[in-house]
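I have placed the structure first, in the form of structure tokens, so that the comments after it can refer back to it.
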Amino acid sequence: MGIDAGFDMDPPLSKSAIDRHDWEQFIAAVKARYKDDDQFEIKSNYINFRAGEHPKLPFEGHKFLRFSSKISGSNARTSGVEQIIVTVGRIARSHFGSRVKYWNEAANEYGVYGWEKVDESIISYIQPDELETPITAESRSDSNPVLFEIKDIPGKGRGMVACCDISKGKRILCEGPLLTATPMFSQAELEVSLGTKLKGMPKPLQRQFLSLHNNFPGKFPFSGIVKTNALPCGSGSKIAGVYATACLINHSCVPNAHNSWNDLEGHETIHATRNVNNGEEITITYEHGRLSSDRQSFFRETFGFTCTCSTCSLPPSLLRASDKRRAHMERLDKAIGDPARMVNSLGKSLRDCYVLLQILDKEFDSCPGALSARVYYDAFQICIVHGDQARARIFAERAHKKRVICEGDDSPSSQRMKLFALIPSAHNKWRTTKDSAPINLETTTLDVWLFRLKE
Ligand SMILES: C[S@@+](CC[C@H](N)C(=O)[O-])C[C@H]1O[C@@H](n2cnc3c(N)ncnc32)[C@H](O)[C@@H]1O
């Protein structure tokens, strides 16, 4: 007999394009989480976990009713299947919310479906039977409320458009990458590496990738798609992710949403950084700073397009005013980042932060998003360097609040800011008390500690 546990999808997903799309995002997130795990196995039409009773996830979401296994017995215990159920269930929850129903017989909880129906559904995983329908607002079921739809945007190709009023800080999307790519020595090498990755992907995901826009068609079509669409996995990261939906979001120099890579969860999130009206296009930024002419050259060279956003389309006098603000922002940013100035001119550095926040508000319609989170963090660091914990705490609180709007409370940076707001001195990793040096060490070993030679 034994004890079973798992989660059910109630109500089951439909075959609509939106449900299919959401399921593909979920499958991509599971793959990102387990890609290096020996127990994770990709079959032609489903994912198999070699743990417990081998719970499975089909690539066709409408077939899925239950993910479960016996959790009692030595096989279940040694394979850690219960943890897999919890983790996969958590990822499912982040995509499907309360539709995912956990149950555990140890707690006298039972799934919503009978075993006969569940077994039938699992058998059906083997044979694919897919439908192709375009994504529209109407195709999303009521239990899965629609926030956006993908539409043609004049002059920009496809884009993401709000289907209801979206409030500031709302998570619009949470998505695992279809694939990630790293720069190679040559484009030919990147093309080969992408070809190998694509071959290993299930057909629906391959199709998603190939359907993305390509501004660089020709000899290297896969790298062209990556170049046009990839978003860096974290600021300054050399690894970039390609996403089925996030890559349909167009750029604006004054965006209303923020994209952020969560390294712990292996997914990208999109949050509204200001209130977005029903029918308004949702935009992120591919690049923030610089004068408009520099931005345009950057977009042309790097992504192969000319920006037609509301800022770049301003009449010349207003565009000059925007450029003037951006030039001032760059000067202040540079001055604030100067470590010597940070140490020697505390007052000036803090005033620069204040002025920068005012200009950001003006340039970004009072919603500068992550840019203001960064300035508050800079102000926090300036205060911490000078032992001013009272101000440091308030700056960390503000940085945290801004981060939560852009990335949610679960992002690593939001969590870090939360910690600094609670314990500002936690920022100082080198903090010691005068008696915490090791004792009785001979000079060479003491020097290893003293000069941090092993770090
Ligand atoms: C990541 S894709 C975004 C989705 C794309 N519009 C599509 O149809 O799949 C980036 C491409 O969208 C277009 N695009 C994005 N933002 C734009 C903007 N502000 N102005 C003009 N074109 C833009 C450009 O062709 C750009 O190379």
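Residues are referred to by chain and number: the chain letter is A, B, ... according to the order shown in the structure tokens, the number counts from 1 in that chain, and ligands are numbered separately from 1 in the order shown.
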
Please give me, as a PyMOL selection string, the residues lying within 6 Å of ligand 1 when counting only C-alpha atoms and all ligand atoms. chain A and resi 156-159+212-213+215+228-229+247-252+303-309

Just list the residues in region 36-166 of chain A DSSP gives strand (DSSP E) on the backbone, as number ranges by chain. A: 40-42, 46-49, 56-58, 66-70, 100-104, 148-153, 157-162

Residues within 6 Å of Ile3 (chain A), please, as a PyMOL selection string. Count only C-alpha atoms; anything in the same chain fewer than 4 positions from it doesn't count. chain A and resi 70-72+105

Take the selection from the previous step and output its residues with C-alpha atoms, as a short mmCIF file (atom, residue, chain, number, x, y, z; two decimals), in the first residue's frame.
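Everything below was put into result_26.cif:
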```cif
data_model
loop_
_atom_site.label_atom_id
_atom_site.label_comp_id
_atom_site.auth_asym_id
_atom_site.auth_seq_id
_atom_site.Cartn_x
_atom_site.Cartn_y
_atom_site.Cartn_z
CA LYS A 70 4.57 6.91 -3.02
CA ILE A 71 6.58 8.81 -0.45
CA SER A 72 6.90 5.93 2.02
CA GLU A 105 -2.21 10.87 2.38
#
```

Show me, as a Markdown table, the residues of region 159-257 of chain A having an atom within 9 Å of region 264-267 of chain A, each with the closest atom pair and its distance in Å, using only C-alpha atoms.
```
| residue | atom | partner | partner_atom | distance |
| --- | --- | --- | --- | --- |
| A:Cys174 | CA | A:His267 | CA | 6.5 |
| A:Glu175 | CA | A:His267 | CA | 5.3 |
| A:Gly176 | CA | A:His267 | CA | 4.3 |
| A:Pro177 | CA | A:His267 | CA | 6.8 |
| A:Cys233 | CA | A:Gly266 | CA | 8.8 |
```

Using backbone DSSP assignments, extract all helix (DSSP H, G or I) residues from region 40-168 of chain A; output them as an MDAnalysis selection string. chainID A and resid 61:63 74:79 81:99 105:107 115:124 137:139

Write a file of the just-selected residues containing C-alpha atoms, as a short mmCIF file (atom, residue, chain, number, x, y, z; two decimals), in the first residue's frame.
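File written: part.cif
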```
data_model
loop_
_atom_site.label_atom_id
_atom_site.label_comp_id
_atom_site.auth_asym_id
_atom_site.auth_seq_id
_atom_site.Cartn_x
_atom_site.Cartn_y
_atom_site.Cartn_z
CA GLY A 61 -0.50 20.41 -20.54
CA HIS A 62 -4.16 19.57 -21.22
CA LYS A 63 -3.34 15.90 -20.51
CA SER A 74 13.13 3.03 1.25
CA ASN A 75 13.08 3.67 -2.53
CA ALA A 76 11.02 6.83 -2.06
CA ARG A 77 13.16 7.98 0.83
CA THR A 78 16.56 7.43 -0.79
CA SER A 79 15.48 8.96 -4.11
CA VAL A 81 10.90 11.98 -4.42
CA GLU A 82 8.96 13.93 -1.80
CA GLN A 83 11.31 16.90 -2.22
CA ILE A 84 10.89 16.69 -6.01
CA ILE A 85 7.10 16.81 -5.57
CA VAL A 86 7.41 19.86 -3.34
CA THR A 87 9.80 21.69 -5.68
CA VAL A 88 7.91 20.90 -8.90
CA GLY A 89 4.67 21.79 -7.08
CA ARG A 90 6.12 25.13 -6.03
CA ILE A 91 7.12 25.92 -9.62
CA ALA A 92 3.63 24.84 -10.77
CA ARG A 93 2.06 27.12 -8.16
CA SER A 94 4.07 30.09 -9.42
CA HIS A 95 2.57 29.50 -12.90
CA PHE A 96 -0.94 28.25 -12.14
CA GLY A 97 -1.67 29.53 -8.63
CA SER A 98 -4.45 27.86 -6.65
CA ARG A 99 -5.26 25.57 -9.56
CA GLU A 105 -2.21 10.87 2.38
CA ALA A 106 -0.06 11.09 5.52
CA ALA A 107 -2.21 14.11 6.41
CA TRP A 115 -6.72 6.79 -10.00
CA GLU A 116 -8.30 5.25 -13.11
CA LYS A 117 -8.65 8.67 -14.72
CA VAL A 118 -5.13 9.64 -13.65
CA ASP A 119 -3.61 6.42 -15.07
CA GLU A 120 -5.44 6.97 -18.35
CA SER A 121 -4.07 10.48 -18.57
CA ILE A 122 -0.51 9.28 -17.95
CA ILE A 123 -0.80 6.65 -20.69
CA SER A 124 -1.93 9.38 -23.10
CA ALA A 137 -7.30 37.41 -24.81
CA GLU A 138 -10.46 35.36 -25.50
CA SER A 139 -8.57 32.06 -25.55
#
```

What does the distance between CA of Ser322 (chain A) and CA of Glu363 (chain A) come to in Å, to one decimal place?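 Taking CA of Ser322 (chain A) and CA of Glu363 (chain A), their separation equals 6.7 Å.
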
For a test of reading the model, state the distance in Å between CA of Cys353 (chain A) and CA of Arg331 (chain A), rounded to one decimal. 11.4 Å

Work out how far CA of Tyr102 (chain A) is from CA of Gly114 (chain A), in Å to one decimal. 15.0 Å

Which residues, written as a VMD selection string, have at least one atom at most 7 Å from Ala181 (chain A), with only C-alpha atoms counted and residues fewer than 4 positions away on the same chain left out? chain A and resid 239 to 241

What would the file look like if the residues just selected were written as an mmCIF file, in the first residue's frame with C-alpha atoms?
```cif
data_model
loop_
_atom_site.group_PDB
_atom_site.id
_atom_site.type_symbol
_atom_site.label_atom_id
_atom_site.label_comp_id
_atom_site.auth_asym_id
_atom_site.auth_seq_id
_atom_site.Cartn_x
_atom_site.Cartn_y
_atom_site.Cartn_z
ATOM 1 C CA ILE A 239 24.981 34.329 -20.065
ATOM 2 C CA ALA A 240 21.751 35.368 -21.734
ATOM 3 C CA GLY A 241 18.344 33.719 -21.850
#
```

So which residues touch Arg325 (chain A) within 12 Å, counting only C-alpha atoms, skipping near sequence neighbours fewer than 6 positions away, as a list of chain:residue names?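 Answer for this query is A:Gly289, A:Arg290, A:Leu291, A:Ser292, A:Leu318, A:Leu319, A:Arg331, A:Leu332, A:Val355, A:Leu356, A:Leu357, A:Gln358, A:Ile359, A:Leu360, A:Asp361, A:Lys362, A:Glu363, A:Phe364.
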
What would the file look like if the residues just selected were written as a PDB file, in the first residue's frame with N, CA and C atoms?
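The resulting file, again-v8.pdb, is shown below:
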```pdb
ATOM      1  N   GLY A 289      20.795  54.308 -20.178  1.00  0.00           N
ATOM      2  CA  GLY A 289      21.409  55.638 -20.141  1.00  0.00           C
ATOM      3  C   GLY A 289      21.639  56.249 -21.505  1.00  0.00           C
ATOM      4  N   ARG A 290      22.662  56.997 -21.635  1.00  0.00           N
ATOM      5  CA  ARG A 290      23.189  57.590 -22.860  1.00  0.00           C
ATOM      6  C   ARG A 290      22.256  58.618 -23.516  1.00  0.00           C
ATOM      7  N   LEU A 291      22.875  59.407 -24.381  1.00  0.00           N
ATOM      8  CA  LEU A 291      22.108  60.392 -25.158  1.00  0.00           C
ATOM      9  C   LEU A 291      21.335  59.644 -26.240  1.00  0.00           C
ATOM     10  N   SER A 292      20.267  60.280 -26.738  1.00  0.00           N
ATOM     11  CA  SER A 292      19.400  59.574 -27.692  1.00  0.00           C
ATOM     12  C   SER A 292      20.183  59.099 -28.913  1.00  0.00           C
ATOM     13  N   LEU A 318      12.158  68.891 -26.943  1.00  0.00           N
ATOM     14  CA  LEU A 318      11.932  68.036 -25.770  1.00  0.00           C
ATOM     15  C   LEU A 318      12.973  66.910 -25.702  1.00  0.00           C
ATOM     16  N   LEU A 319      13.381  66.429 -26.884  1.00  0.00           N
ATOM     17  CA  LEU A 319      14.411  65.379 -26.900  1.00  0.00           C
ATOM     18  C   LEU A 319      15.735  65.939 -26.369  1.00  0.00           C
ATOM     19  N   ARG A 331      26.751  62.016 -15.313  1.00  0.00           N
ATOM     20  CA  ARG A 331      27.814  62.688 -14.528  1.00  0.00           C
ATOM     21  C   ARG A 331      27.652  62.373 -13.042  1.00  0.00           C
ATOM     22  N   LEU A 332      26.406  62.444 -12.571  1.00  0.00           N
ATOM     23  CA  LEU A 332      26.165  62.191 -11.142  1.00  0.00           C
ATOM     24  C   LEU A 332      26.469  60.735 -10.792  1.00  0.00           C
ATOM     25  N   VAL A 355      20.070  64.641  -5.760  1.00  0.00           N
ATOM     26  CA  VAL A 355      19.795  65.313  -7.047  1.00  0.00           C
ATOM     27  C   VAL A 355      19.476  64.271  -8.115  1.00  0.00           C
ATOM     28  N   LEU A 356      20.251  63.181  -8.115  1.00  0.00           N
ATOM     29  CA  LEU A 356      20.026  62.133  -9.129  1.00  0.00           C
ATOM     30  C   LEU A 356      18.604  61.577  -9.024  1.00  0.00           C
ATOM     31  N   LEU A 357      18.127  61.377  -7.800  1.00  0.00           N
ATOM     32  CA  LEU A 357      16.755  60.855  -7.622  1.00  0.00           C
ATOM     33  C   LEU A 357      15.716  61.822  -8.199  1.00  0.00           C
ATOM     34  N   GLN A 358      15.976  63.144  -8.012  1.00  0.00           N
ATOM     35  CA  GLN A 358      15.024  64.137  -8.563  1.00  0.00           C
ATOM     36  C   GLN A 358      14.994  64.061 -10.090  1.00  0.00           C
ATOM     37  N   ILE A 359      16.207  63.962 -10.682  1.00  0.00           N
ATOM     38  CA  ILE A 359      16.247  63.950 -12.160  1.00  0.00           C
ATOM     39  C   ILE A 359      15.618  62.661 -12.697  1.00  0.00           C
ATOM     40  N   LEU A 360      15.894  61.554 -12.006  1.00  0.00           N
ATOM     41  CA  LEU A 360      15.312  60.270 -12.452  1.00  0.00           C
ATOM     42  C   LEU A 360      13.789  60.369 -12.469  1.00  0.00           C
ATOM     43  N   ASP A 361      13.243  60.975 -11.417  1.00  0.00           N
ATOM     44  CA  ASP A 361      11.783  61.127 -11.345  1.00  0.00           C
ATOM     45  C   ASP A 361      11.256  61.916 -12.538  1.00  0.00           C
ATOM     46  N   LYS A 362      11.984  62.966 -12.871  1.00  0.00           N
ATOM     47  CA  LYS A 362      11.543  63.835 -13.966  1.00  0.00           C
ATOM     48  C   LYS A 362      11.617  63.078 -15.303  1.00  0.00           C
ATOM     49  N   GLU A 363      12.739  62.388 -15.508  1.00  0.00           N
ATOM     50  CA  GLU A 363      12.952  61.724 -16.796  1.00  0.00           C
ATOM     51  C   GLU A 363      12.050  60.499 -16.960  1.00  0.00           C
ATOM     52  N   PHE A 364      11.779  59.820 -15.849  1.00  0.00           N
ATOM     53  CA  PHE A 364      11.031  58.562 -15.957  1.00  0.00           C
ATOM     54  C   PHE A 364       9.628  58.671 -15.370  1.00  0.00           C
TER      55      PHE A 364
END
```

Residues near region 372-385 of chain A, anyone? I mean within 10 Å using only C-alpha atoms, not counting same-chain ones fewer than 3 positions away, as a PDB file with N, CA and C atoms, in the first residue's frame.
```pdb
ATOM      1  N   ASP A 333      26.057  59.851 -11.675  1.00  0.00           N
ATOM      2  CA  ASP A 333      26.270  58.421 -11.444  1.00  0.00           C
ATOM      3  C   ASP A 333      27.770  58.118 -11.309  1.00  0.00           C
ATOM      4  N   ILE A 336      29.080  59.543  -8.009  1.00  0.00           N
ATOM      5  CA  ILE A 336      28.658  58.737  -6.844  1.00  0.00           C
ATOM      6  C   ILE A 336      29.462  57.439  -6.775  1.00  0.00           C
ATOM      7  N   GLY A 337      29.807  56.897  -7.949  1.00  0.00           N
ATOM      8  CA  GLY A 337      30.547  55.619  -7.978  1.00  0.00           C
ATOM      9  C   GLY A 337      32.035  55.775  -7.715  1.00  0.00           C
ATOM     10  N   PRO A 339      35.078  55.825  -5.671  1.00  0.00           N
ATOM     11  CA  PRO A 339      35.311  55.385  -4.289  1.00  0.00           C
ATOM     12  C   PRO A 339      36.034  56.430  -3.438  1.00  0.00           C
ATOM     13  N   ARG A 341      35.856  59.667  -3.684  1.00  0.00           N
ATOM     14  CA  ARG A 341      34.898  60.720  -3.331  1.00  0.00           C
ATOM     15  C   ARG A 341      33.939  60.203  -2.254  1.00  0.00           C
ATOM     16  N   MET A 342      33.594  58.931  -2.383  1.00  0.00           N
ATOM     17  CA  MET A 342      32.673  58.336  -1.407  1.00  0.00           C
ATOM     18  C   MET A 342      33.260  58.417   0.000  1.00  0.00           C
ATOM     19  N   VAL A 343      34.598  58.210   0.076  1.00  0.00           N
ATOM     20  CA  VAL A 343      35.241  58.209   1.389  1.00  0.00           C
ATOM     21  C   VAL A 343      35.499  59.637   1.878  1.00  0.00           C
ATOM     22  N   SER A 345      34.267  62.706   0.600  1.00  0.00           N
ATOM     23  CA  SER A 345      33.245  63.775   0.485  1.00  0.00           C
ATOM     24  C   SER A 345      31.856  63.204   0.720  1.00  0.00           C
ATOM     25  N   LEU A 346      31.653  62.746   1.920  1.00  0.00           N
ATOM     26  CA  LEU A 346      30.370  62.121   2.269  1.00  0.00           C
ATOM     27  C   LEU A 346      29.179  63.015   1.922  1.00  0.00           C
ATOM     28  N   GLY A 347      29.258  64.288   2.355  1.00  0.00           N
ATOM     29  CA  GLY A 347      28.143  65.215   2.156  1.00  0.00           C
ATOM     30  C   GLY A 347      27.826  65.393   0.680  1.00  0.00           C
ATOM     31  N   SER A 349      28.610  63.419  -1.823  1.00  0.00           N
ATOM     32  CA  SER A 349      28.108  62.182  -2.442  1.00  0.00           C
ATOM     33  C   SER A 349      26.624  61.988  -2.148  1.00  0.00           C
ATOM     34  N   LEU A 350      26.220  62.252  -0.905  1.00  0.00           N
ATOM     35  CA  LEU A 350      24.802  62.071  -0.559  1.00  0.00           C
ATOM     36  C   LEU A 350      23.929  63.079  -1.299  1.00  0.00           C
ATOM     37  N   ARG A 351      24.439  64.315  -1.425  1.00  0.00           N
ATOM     38  CA  ARG A 351      23.660  65.331  -2.157  1.00  0.00           C
ATOM     39  C   ARG A 351      23.505  64.923  -3.628  1.00  0.00           C
ATOM     40  N   ASP A 352      24.584  64.327  -4.190  1.00  0.00           N
ATOM     41  CA  ASP A 352      24.501  63.850  -5.585  1.00  0.00           C
ATOM     42  C   ASP A 352      23.385  62.803  -5.714  1.00  0.00           C
ATOM     43  N   CYS A 353      23.309  61.937  -4.711  1.00  0.00           N
ATOM     44  CA  CYS A 353      22.255  60.900  -4.742  1.00  0.00           C
ATOM     45  C   CYS A 353      20.887  61.582  -4.769  1.00  0.00           C
ATOM     46  N   TYR A 354      20.733  62.603  -3.944  1.00  0.00           N
ATOM     47  CA  TYR A 354      19.446  63.291  -3.836  1.00  0.00           C
ATOM     48  C   TYR A 354      19.076  63.925  -5.185  1.00  0.00           C
ATOM     49  N   LEU A 356      20.251  63.181  -8.115  1.00  0.00           N
ATOM     50  CA  LEU A 356      20.026  62.133  -9.129  1.00  0.00           C
ATOM     51  C   LEU A 356      18.604  61.577  -9.024  1.00  0.00           C
ATOM     52  N   LEU A 357      18.127  61.377  -7.800  1.00  0.00           N
ATOM     53  CA  LEU A 357      16.755  60.855  -7.622  1.00  0.00           C
ATOM     54  C   LEU A 357      15.716  61.822  -8.199  1.00  0.00           C
ATOM     55  N   GLN A 358      15.976  63.144  -8.012  1.00  0.00           N
ATOM     56  CA  GLN A 358      15.024  64.137  -8.563  1.00  0.00           C
ATOM     57  C   GLN A 358      14.994  64.061 -10.090  1.00  0.00           C
ATOM     58  N   LEU A 360      15.894  61.554 -12.006  1.00  0.00           N
ATOM     59  CA  LEU A 360      15.312  60.270 -12.452  1.00  0.00           C
ATOM     60  C   LEU A 360      13.789  60.369 -12.469  1.00  0.00           C
ATOM     61  N   ASP A 361      13.243  60.975 -11.417  1.00  0.00           N
ATOM     62  CA  ASP A 361      11.783  61.127 -11.345  1.00  0.00           C
ATOM     63  C   ASP A 361      11.256  61.916 -12.538  1.00  0.00           C
ATOM     64  N   CYS A 367       8.494  57.274 -12.049  1.00  0.00           N
ATOM     65  CA  CYS A 367       8.627  55.825 -11.806  1.00  0.00           C
ATOM     66  C   CYS A 367       9.927  55.299 -12.397  1.00  0.00           C
ATOM     67  N   PRO A 368      11.066  55.672 -11.821  1.00  0.00           N
ATOM     68  CA  PRO A 368      12.334  55.258 -12.416  1.00  0.00           C
ATOM     69  C   PRO A 368      12.714  53.805 -12.135  1.00  0.00           C
ATOM     70  N   GLY A 369      11.887  53.100 -11.395  1.00  0.00           N
ATOM     71  CA  GLY A 369      12.087  51.666 -11.187  1.00  0.00           C
ATOM     72  C   GLY A 369      13.423  51.334 -10.559  1.00  0.00           C
ATOM     73  N   ASP A 388      27.390  55.452   9.519  1.00  0.00           N
ATOM     74  CA  ASP A 388      26.121  56.124   9.801  1.00  0.00           C
ATOM     75  C   ASP A 388      24.968  55.124   9.596  1.00  0.00           C
ATOM     76  N   GLN A 389      24.742  54.301  10.612  1.00  0.00           N
ATOM     77  CA  GLN A 389      23.764  53.216  10.467  1.00  0.00           C
ATOM     78  C   GLN A 389      22.322  53.727  10.441  1.00  0.00           C
ATOM     79  N   ALA A 390      22.072  54.873  11.080  1.00  0.00           N
ATOM     80  CA  ALA A 390      20.695  55.386  11.115  1.00  0.00           C
ATOM     81  C   ALA A 390      20.219  55.713   9.706  1.00  0.00           C
ATOM     82  N   ARG A 391      21.055  56.459   8.957  1.00  0.00           N
ATOM     83  CA  ARG A 391      20.665  56.786   7.585  1.00  0.00           C
ATOM     84  C   ARG A 391      20.729  55.535   6.710  1.00  0.00           C
ATOM     85  N   ALA A 392      21.778  54.724   6.943  1.00  0.00           N
ATOM     86  CA  ALA A 392      21.945  53.508   6.125  1.00  0.00           C
ATOM     87  C   ALA A 392      20.671  52.657   6.175  1.00  0.00           C
ATOM     88  N   ARG A 393      20.096  52.522   7.357  1.00  0.00           N
ATOM     89  CA  ARG A 393      18.896  51.688   7.504  1.00  0.00           C
ATOM     90  C   ARG A 393      17.749  52.229   6.651  1.00  0.00           C
ATOM     91  N   ILE A 394      17.561  53.565   6.704  1.00  0.00           N
ATOM     92  CA  ILE A 394      16.441  54.139   5.934  1.00  0.00           C
ATOM     93  C   ILE A 394      16.673  53.988   4.427  1.00  0.00           C
ATOM     94  N   PHE A 395      17.935  54.188   4.009  1.00  0.00           N
ATOM     95  CA  PHE A 395      18.220  54.027   2.578  1.00  0.00           C
ATOM     96  C   PHE A 395      17.996  52.570   2.149  1.00  0.00           C
ATOM     97  N   ALA A 396      18.405  51.628   3.015  1.00  0.00           N
ATOM     98  CA  ALA A 396      18.197  50.203   2.663  1.00  0.00           C
ATOM     99  C   ALA A 396      16.700  49.898   2.577  1.00  0.00           C
ATOM    100  N   GLU A 397      15.917  50.495   3.500  1.00  0.00           N
ATOM    101  CA  GLU A 397      14.456  50.281   3.457  1.00  0.00           C
ATOM    102  C   GLU A 397      13.877  50.780   2.130  1.00  0.00           C
ATOM    103  N   ARG A 398      14.372  51.972   1.716  1.00  0.00           N
ATOM    104  CA  ARG A 398      13.845  52.525   0.460  1.00  0.00           C
ATOM    105  C   ARG A 398      14.300  51.682  -0.737  1.00  0.00           C
ATOM    106  N   ALA A 399      15.571  51.245  -0.690  1.00  0.00           N
ATOM    107  CA  ALA A 399      16.076  50.408  -1.797  1.00  0.00           C
ATOM    108  C   ALA A 399      15.261  49.123  -1.865  1.00  0.00           C
ATOM    109  N   HIS A 400      14.933  48.572  -0.697  1.00  0.00           N
ATOM    110  CA  HIS A 400      14.146  47.334  -0.643  1.00  0.00           C
ATOM    111  C   HIS A 400      12.761  47.546  -1.269  1.00  0.00           C
ATOM    112  N   LYS A 401      12.123  48.642  -0.859  1.00  0.00           N
ATOM    113  CA  LYS A 401      10.775  48.936  -1.370  1.00  0.00           C
ATOM    114  C   LYS A 401      10.782  49.055  -2.901  1.00  0.00           C
ATOM    115  N   LYS A 402      11.784  49.736  -3.413  1.00  0.00           N
ATOM    116  CA  LYS A 402      11.871  49.909  -4.878  1.00  0.00           C
ATOM    117  C   LYS A 402      12.163  48.584  -5.558  1.00  0.00           C
ATOM    118  N   ARG A 403      13.053  47.772  -4.948  1.00  0.00           N
ATOM    119  CA  ARG A 403      13.371  46.459  -5.534  1.00  0.00           C
ATOM    120  C   ARG A 403      12.134  45.578  -5.605  1.00  0.00           C
ATOM    121  N   VAL A 404      11.349  45.612  -4.525  1.00  0.00           N
ATOM    122  CA  VAL A 404      10.151  44.749  -4.485  1.00  0.00           C
ATOM    123  C   VAL A 404       9.205  45.123  -5.630  1.00  0.00           C
ATOM    124  N   ILE A 405       9.092  46.408  -5.924  1.00  0.00           N
ATOM    125  CA  ILE A 405       8.224  46.827  -7.043  1.00  0.00           C
ATOM    126  C   ILE A 405       8.749  46.227  -8.353  1.00  0.00           C
ATOM    127  N   CYS A 406      10.059  46.258  -8.541  1.00  0.00           N
ATOM    128  CA  CYS A 406      10.626  45.821  -9.828  1.00  0.00           C
ATOM    129  C   CYS A 406      10.807  44.324  -9.937  1.00  0.00           C
ATOM    130  N   SER A 414      16.088  41.777  -3.602  1.00  0.00           N
ATOM    131  CA  SER A 414      15.109  42.282  -2.628  1.00  0.00           C
ATOM    132  C   SER A 414      15.430  41.717  -1.245  1.00  0.00           C
ATOM    133  N   MET A 417      18.413  43.502   0.285  1.00  0.00           N
ATOM    134  CA  MET A 417      18.064  44.837   0.789  1.00  0.00           C
ATOM    135  C   MET A 417      17.270  44.728   2.085  1.00  0.00           C
ATOM    136  N   PHE A 420      19.711  44.213   4.828  1.00  0.00           N
ATOM    137  CA  PHE A 420      20.445  45.428   5.181  1.00  0.00           C
ATOM    138  C   PHE A 420      19.548  46.415   5.934  1.00  0.00           C
ATOM    139  N   ALA A 421      18.235  46.398   5.581  1.00  0.00           N
ATOM    140  CA  ALA A 421      17.323  47.300   6.289  1.00  0.00           C
ATOM    141  C   ALA A 421      17.178  46.859   7.745  1.00  0.00           C
ATOM    142  N   PRO A 424      21.894  46.820   9.103  1.00  0.00           N
ATOM    143  CA  PRO A 424      22.745  47.530   8.137  1.00  0.00           C
ATOM    144  C   PRO A 424      24.196  47.036   8.153  1.00  0.00           C
ATOM    145  N   SER A 425      24.696  46.663   9.339  1.00  0.00           N
ATOM    146  CA  SER A 425      26.118  46.287   9.423  1.00  0.00           C
ATOM    147  C   SER A 425      26.388  44.949   8.732  1.00  0.00           C
ATOM    148  N   ALA A 426      25.326  44.186   8.358  1.00  0.00           N
ATOM    149  CA  ALA A 426      25.539  42.904   7.663  1.00  0.00           C
ATOM    150  C   ALA A 426      26.229  43.130   6.332  1.00  0.00           C
ATOM    151  N   HIS A 427      26.178  44.383   5.841  1.00  0.00           N
ATOM    152  CA  HIS A 427      26.821  44.694   4.571  1.00  0.00           C
ATOM    153  C   HIS A 427      28.327  44.562   4.671  1.00  0.00           C
ATOM    154  N   ASN A 428      28.842  44.829   5.855  1.00  0.00           N
ATOM    155  CA  ASN A 428      30.287  44.832   6.038  1.00  0.00           C
ATOM    156  C   ASN A 428      30.785  43.429   6.345  1.00  0.00           C
TER     157      ASN A 428
END
```

Long-range neighbours of Pro202 (chain A) as a list in words, 10 Å cut-off, only C-alpha atoms, 5 positions minimum in chain: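 The filter keeps Ile42, Lys43, Ser44, Asn45, Tyr46, Phe59 and Arg207 of chain A.
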
So, counting only C-alpha atoms, which residue among A:Pro315, A:Pro58, A:Gly6, A:Gly200 is closest to Gly111 (chain A)? A:Gly6
